[in-house]
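Notes follow once the structure below has been shown.
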Amino acid sequence: MRLKCVDCGSRCSLEPFQVRCGCGGLLEVEQELAMVDAELLKRRFQERLSERMGVYASGVWRYKELIFPELPDEYIVTKYEGNTGMYAPESIRETLGIRGLYFKAQSENPSGSFKDNGMTVAVSHGRSLGYSAFACTSTGNTSSSLAMYAAMGRSRAYVFVPNRKVSANKVLQTQAYGARVLSFDGTYDDGIRFLEKRGEELGLYVCNSVNPLRIEGQKSIIYEIAQTLGWSLPDWIIIPGGALSNVSALGKGLADLKSLGFIPSVPRIALIQAEGASPFHRMMASGSPVLTPEPRPDTLASALNIGNPPSWKKARIVLKMSSGVTCSVTDAEILAAKAQIDRSGIGCEPASAATLAGLQKLIAEKTIAKDETAVCILTGNLLKDTDVLKGSFQDIPVDLSGSDWEALLR
């Protein structure tokens, strides 16, 4: 394993660890996988589904050979993350008129979001290097995931949180796990810049999406989808985009599976952003070669409220590789889609619902045909961001001794 710069292509070893190349570009992990026996690994991955304790009970470390084969098991911190449900709500599929539709509920992860898939790898790698203090800046999900794994690994966690447009639920969850929460004036992007500049000198292992090992862990999401569907993927993968780590990770995982012969072809990717925080979509729609940050991102989907996504170059590579598309949706469209997902019994936070809202728009535009199939990635739990639900529902007052029950229950 080694690191490669996305910008200049130069390579370096995993130690000493760094998140950026000397040229300023982000790094990604390269692995020598040419000798991998795909059929052997398929059988091994299937056998590991019966594990209930230990490293391979994890839906991430089940695929250790493809994620971090060199890491000694003694450093791994796991809460059996992954292993999340795949659902096919017929009511939503019928409404859309699409041939096949799945929801991959990463919201069922231990801390309630997809961040656990990557965080278990990042924190485990940091421990292997001797770190005992971990840090991130976060709009919520990253912070609670980091806090949980740091607590399990008997390490310290420091979380930098913007003081606006962040879910109180996520901050409270982070504090409950014992992390030190530091609130600051500014945006997610300001926090990232601070940690990249000061993290090393402060002795902090940075766990944001700029960390290439986190991306390796998040690849497991697409591995699990592929294994669940018998190594045959739908036509489309629909992903919400904030920092753009997830589209980068899933695209990298798809490229691995295709090159190793696990899957016959790569599905197309649709990256969905909230309209008030959609600099990547605007760049792709305009054909611009560079991203123009949104200085004041504004969306009620707090996990998407990022104006300068650090992984945009990686995401652009993934969309080119998969003949992918981008789309932006309004907050109203997100809330309408969330209501459909919640009432199907699955539930999700607003950022997750952007996938369904985007799918609806892309079908209406005929970008996605109704005779195709799709899987939407649900990134966060229903309880992650309940502020948007306040005022949406009302209790019905009743008189237990005299109400017209037939009318009330109709």
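Just so we're on the same page: first chain in the structure tokens is A, next is B, and so on; residues restart at 1 for each chain, and ligands are numbered from 1 in the order they show up.
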- Message: Give me, as a PyMOL selection string, all polymer residues having an atom no more than 9 Å from Pro240 of chain A, counting only C-alpha atoms and skipping those fewer than 6 positions away in the same chain.
- Response: chain A and resi 246-247+270-274+304+351-355+358+376-379
- Query: Which polymer residues have any atom within 8 Å of an atom of Leu213 of chain A, counting only C-alpha atoms, with same-chain residues fewer than 6 positions away left out, as a ChimeraX atom specification?
  - Reply: /A:28-29,118,121-122,125
Using N, CA, C and O atoms, can you write the selected residues to a file as a PDB file, in the first residue's frame?
```
ATOM      1  N   GLU A  28      -4.580   9.620  -2.206  1.00  0.00           N
ATOM      2  CA  GLU A  28      -5.438   8.449  -2.137  1.00  0.00           C
ATOM      3  C   GLU A  28      -4.579   7.201  -2.053  1.00  0.00           C
ATOM      4  O   GLU A  28      -3.416   7.194  -2.472  1.00  0.00           O
ATOM      5  N   VAL A  29      -5.166   6.151  -1.496  1.00  0.00           N
ATOM      6  CA  VAL A  29      -4.430   4.903  -1.306  1.00  0.00           C
ATOM      7  C   VAL A  29      -4.366   4.128  -2.610  1.00  0.00           C
ATOM      8  O   VAL A  29      -5.353   4.010  -3.338  1.00  0.00           O
ATOM      9  N   GLY A 118     -15.949   4.469   7.282  1.00  0.00           N
ATOM     10  CA  GLY A 118     -14.606   5.010   7.102  1.00  0.00           C
ATOM     11  C   GLY A 118     -13.886   5.259   8.407  1.00  0.00           C
ATOM     12  O   GLY A 118     -12.662   5.102   8.496  1.00  0.00           O
ATOM     13  N   VAL A 121     -11.665   2.560  10.049  1.00  0.00           N
ATOM     14  CA  VAL A 121     -10.353   2.387   9.412  1.00  0.00           C
ATOM     15  C   VAL A 121      -9.410   3.529   9.803  1.00  0.00           C
ATOM     16  O   VAL A 121      -8.246   3.304  10.132  1.00  0.00           O
ATOM     17  N   ALA A 122      -9.915   4.757   9.793  1.00  0.00           N
ATOM     18  CA  ALA A 122      -9.072   5.903  10.127  1.00  0.00           C
ATOM     19  C   ALA A 122      -8.556   5.808  11.560  1.00  0.00           C
ATOM     20  O   ALA A 122      -7.351   5.959  11.813  1.00  0.00           O
ATOM     21  N   HIS A 125      -6.058   2.969  11.955  1.00  0.00           N
ATOM     22  CA  HIS A 125      -4.760   3.339  11.388  1.00  0.00           C
ATOM     23  C   HIS A 125      -4.019   4.295  12.317  1.00  0.00           C
ATOM     24  O   HIS A 125      -2.814   4.130  12.570  1.00  0.00           O
TER      25      HIS A 125
END
```
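Neighbouring residues of segment 83-94 of chain A at 6 Å or closer, counting only C-alpha atoms and skipping chain neighbours under 6 positions away, are A:Gly59, A:Leu101, A:Tyr102, A:Phe103, A:Lys104, A:Ala105, A:Gln106, A:Glu108.
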- Please identify all polymer residues within 6 Å of segment 62-77 of chain A, counting only C-alpha atoms, omitting same-chain residues fewer than 4 positions from it, and present them as a ChimeraX atom specification. /A:56,58,124,128,216
Those residues you just picked out, can you put them in a file as a short mmCIF file (atom, residue, chain, number, x, y, z; two decimals), in the first residue's frame with all heavy atoms?
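Okay, out.cif is ready:
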```cif
data_model
loop_
_atom_site.label_atom_id
_atom_site.label_comp_id
_atom_site.auth_asym_id
_atom_site.auth_seq_id
_atom_site.Cartn_x
_atom_site.Cartn_y
_atom_site.Cartn_z
N TYR A 56 -13.96 -9.90 11.72
CA TYR A 56 -14.67 -10.18 10.48
C TYR A 56 -16.19 -10.14 10.62
O TYR A 56 -16.91 -10.30 9.63
CB TYR A 56 -14.22 -11.51 9.89
CG TYR A 56 -12.76 -11.52 9.53
CD1 TYR A 56 -11.90 -12.53 9.96
CD2 TYR A 56 -12.21 -10.49 8.75
CE1 TYR A 56 -10.55 -12.52 9.63
CE2 TYR A 56 -10.87 -10.47 8.43
CZ TYR A 56 -10.04 -11.49 8.87
OH TYR A 56 -8.70 -11.48 8.55
N SER A 58 -17.52 -7.44 11.30
CA SER A 58 -17.75 -6.09 10.78
C SER A 58 -18.06 -6.14 9.29
O SER A 58 -17.46 -6.89 8.54
CB SER A 58 -16.49 -5.24 11.01
OG SER A 58 -16.49 -4.09 10.20
N SER A 124 -8.39 3.18 13.51
CA SER A 124 -7.52 2.00 13.65
C SER A 124 -6.13 2.29 13.09
O SER A 124 -5.11 1.92 13.70
CB SER A 124 -8.14 0.80 12.93
OG SER A 124 -9.39 0.46 13.49
N SER A 128 -2.46 2.49 15.11
CA SER A 128 -1.28 1.73 14.70
C SER A 128 -0.03 2.61 14.60
O SER A 128 1.09 2.12 14.72
CB SER A 128 -1.53 1.03 13.36
OG SER A 128 -1.46 1.94 12.27
N GLU A 216 -10.86 4.59 2.12
CA GLU A 216 -10.75 3.14 1.95
C GLU A 216 -11.84 2.40 2.71
O GLU A 216 -12.42 1.43 2.20
CB GLU A 216 -9.36 2.65 2.41
CG GLU A 216 -8.21 3.10 1.54
CD GLU A 216 -8.37 2.66 0.09
OE1 GLU A 216 -8.25 1.45 -0.18
OE2 GLU A 216 -8.63 3.54 -0.76
#
```
- Test item, alpha helix (DSSP H) assignment across segment 68-108 of chain A, answer as a list in words: Glu90, Ser91, Ile92, Arg93, Glu94, Thr95 and Leu96 of chain A
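Among the candidates A:Arg198, A:Lys366, A:Lys165, A:Arg154, the residue lying nearest to Pro297 of chain A is A:Lys165 (atoms considered: only C-alpha atoms).
The shortest atom-to-atom distance to Leu356 of chain A, with only C-alpha atoms taken into account, belongs to A:Leu96 out of A:Leu96, A:Ala176, A:Leu408, A:Met321.
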- Message: Which residues are close to Ser107 of chain A, i.e. within 10 Å by only C-alpha atoms, leaving aside same-chain residues fewer than 5 positions away? Reply as a ChimeraX atom specification.
- Response: /A:82,84-85,112-116,346-349,352,377-384
All residues 9 Å or closer to Gly178 of chain A, only C-alpha atoms, same chain fewer than 6 positions away omitted, as a PDB file with C-alpha atoms, in the first residue's frame:
```
ATOM      1  CA  ALA A 147     -16.286  10.331  19.245  1.00  0.00           C
ATOM      2  CA  MET A 148     -17.680   6.788  19.399  1.00  0.00           C
ATOM      3  CA  ALA A 150     -12.191   7.191  20.029  1.00  0.00           C
ATOM      4  CA  ALA A 151     -14.104   6.200  23.173  1.00  0.00           C
ATOM      5  CA  ARG A 156      -9.239  11.416  23.137  1.00  0.00           C
ATOM      6  CA  ALA A 157     -11.425  13.118  20.535  1.00  0.00           C
TER       7      ALA A 157
END
```
- Message: Just want the 8 Å neighbourhood of Gly242 of chain A, counted on only C-alpha atoms, with same-chain residues fewer than 6 positions away dropped. Output as a PyMOL selection string.
- Response: chain A and resi 273+277+303-306+309
- Message: What does the structure give for the distance between atom CA of Ser328 of chain A and atom CA of Arg164 of chain A, in Å to one decimal?
- Response: 22.1 Å
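From atom CA of Lys79 of chain A back to atom CA of Ile269 of chain A, the distance works out to 29.1 Å.
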- Message: For a quick check of understanding, using only C-alpha atoms, which of A:Gly191, A:Pro293, A:Gly276, A:Pro264 has the smallest distance to Ala332 of chain A?
- Response: A:Gly276
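Here the residues within segment 214-291 of chain A that DSSP labels strand (DSSP E or B) on the basis of the backbone are Trp236, Ile237, Ile238, Ile239, Pro240, Arg268, Ile269, Ala270, Leu271, Ile272, Gln273 and Ala274 of chain A.
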Can I get the selected residues back with N, CA and C atoms, as a PDB file, in the first residue's frame?
```pdb
ATOM      1  N   TRP A 236     -27.959   2.385 -11.668  1.00  0.00           N
ATOM      2  CA  TRP A 236     -27.583   3.672 -11.085  1.00  0.00           C
ATOM      3  C   TRP A 236     -27.322   3.545  -9.577  1.00  0.00           C
ATOM      4  N   ILE A 237     -26.318   4.302  -9.106  1.00  0.00           N
ATOM      5  CA  ILE A 237     -26.081   4.500  -7.680  1.00  0.00           C
ATOM      6  C   ILE A 237     -26.328   5.985  -7.405  1.00  0.00           C
ATOM      7  N   ILE A 238     -27.266   6.301  -6.495  1.00  0.00           N
ATOM      8  CA  ILE A 238     -27.631   7.687  -6.209  1.00  0.00           C
ATOM      9  C   ILE A 238     -27.040   8.066  -4.849  1.00  0.00           C
ATOM     10  N   ILE A 239     -26.212   9.116  -4.823  1.00  0.00           N
ATOM     11  CA  ILE A 239     -25.434   9.459  -3.634  1.00  0.00           C
ATOM     12  C   ILE A 239     -25.623  10.935  -3.299  1.00  0.00           C
ATOM     13  N   PRO A 240     -25.882  11.277  -2.026  1.00  0.00           N
ATOM     14  CA  PRO A 240     -25.915  12.692  -1.642  1.00  0.00           C
ATOM     15  C   PRO A 240     -24.490  13.229  -1.516  1.00  0.00           C
ATOM     16  N   ARG A 268     -23.773   3.650 -13.408  1.00  0.00           N
ATOM     17  CA  ARG A 268     -23.630   5.102 -13.460  1.00  0.00           C
ATOM     18  C   ARG A 268     -23.923   5.695 -12.077  1.00  0.00           C
ATOM     19  N   ILE A 269     -23.256   6.788 -11.773  1.00  0.00           N
ATOM     20  CA  ILE A 269     -23.431   7.447 -10.484  1.00  0.00           C
ATOM     21  C   ILE A 269     -24.143   8.781 -10.692  1.00  0.00           C
ATOM     22  N   ALA A 270     -25.131   9.049  -9.839  1.00  0.00           N
ATOM     23  CA  ALA A 270     -25.785  10.354  -9.802  1.00  0.00           C
ATOM     24  C   ALA A 270     -25.477  10.991  -8.458  1.00  0.00           C
ATOM     25  N   LEU A 271     -24.829  12.141  -8.489  1.00  0.00           N
ATOM     26  CA  LEU A 271     -24.426  12.860  -7.280  1.00  0.00           C
ATOM     27  C   LEU A 271     -25.425  13.998  -7.052  1.00  0.00           C
ATOM     28  N   ILE A 272     -26.065  14.002  -5.884  1.00  0.00           N
ATOM     29  CA  ILE A 272     -27.134  14.967  -5.604  1.00  0.00           C
ATOM     30  C   ILE A 272     -26.677  15.942  -4.513  1.00  0.00           C
ATOM     31  N   GLN A 273     -26.798  17.232  -4.797  1.00  0.00           N
ATOM     32  CA  GLN A 273     -26.491  18.257  -3.808  1.00  0.00           C
ATOM     33  C   GLN A 273     -27.739  19.082  -3.487  1.00  0.00           C
ATOM     34  N   ALA A 274     -27.739  19.709  -2.302  1.00  0.00           N
ATOM     35  CA  ALA A 274     -28.798  20.646  -1.950  1.00  0.00           C
ATOM     36  C   ALA A 274     -28.558  21.949  -2.703  1.00  0.00           C
TER      37      ALA A 274
END
```
- Query: Which distance in Å separates atom CA of Phe184 of chain A and atom CA of Val210 of chain A, to one decimal?
  - Reply: 20.2 Å
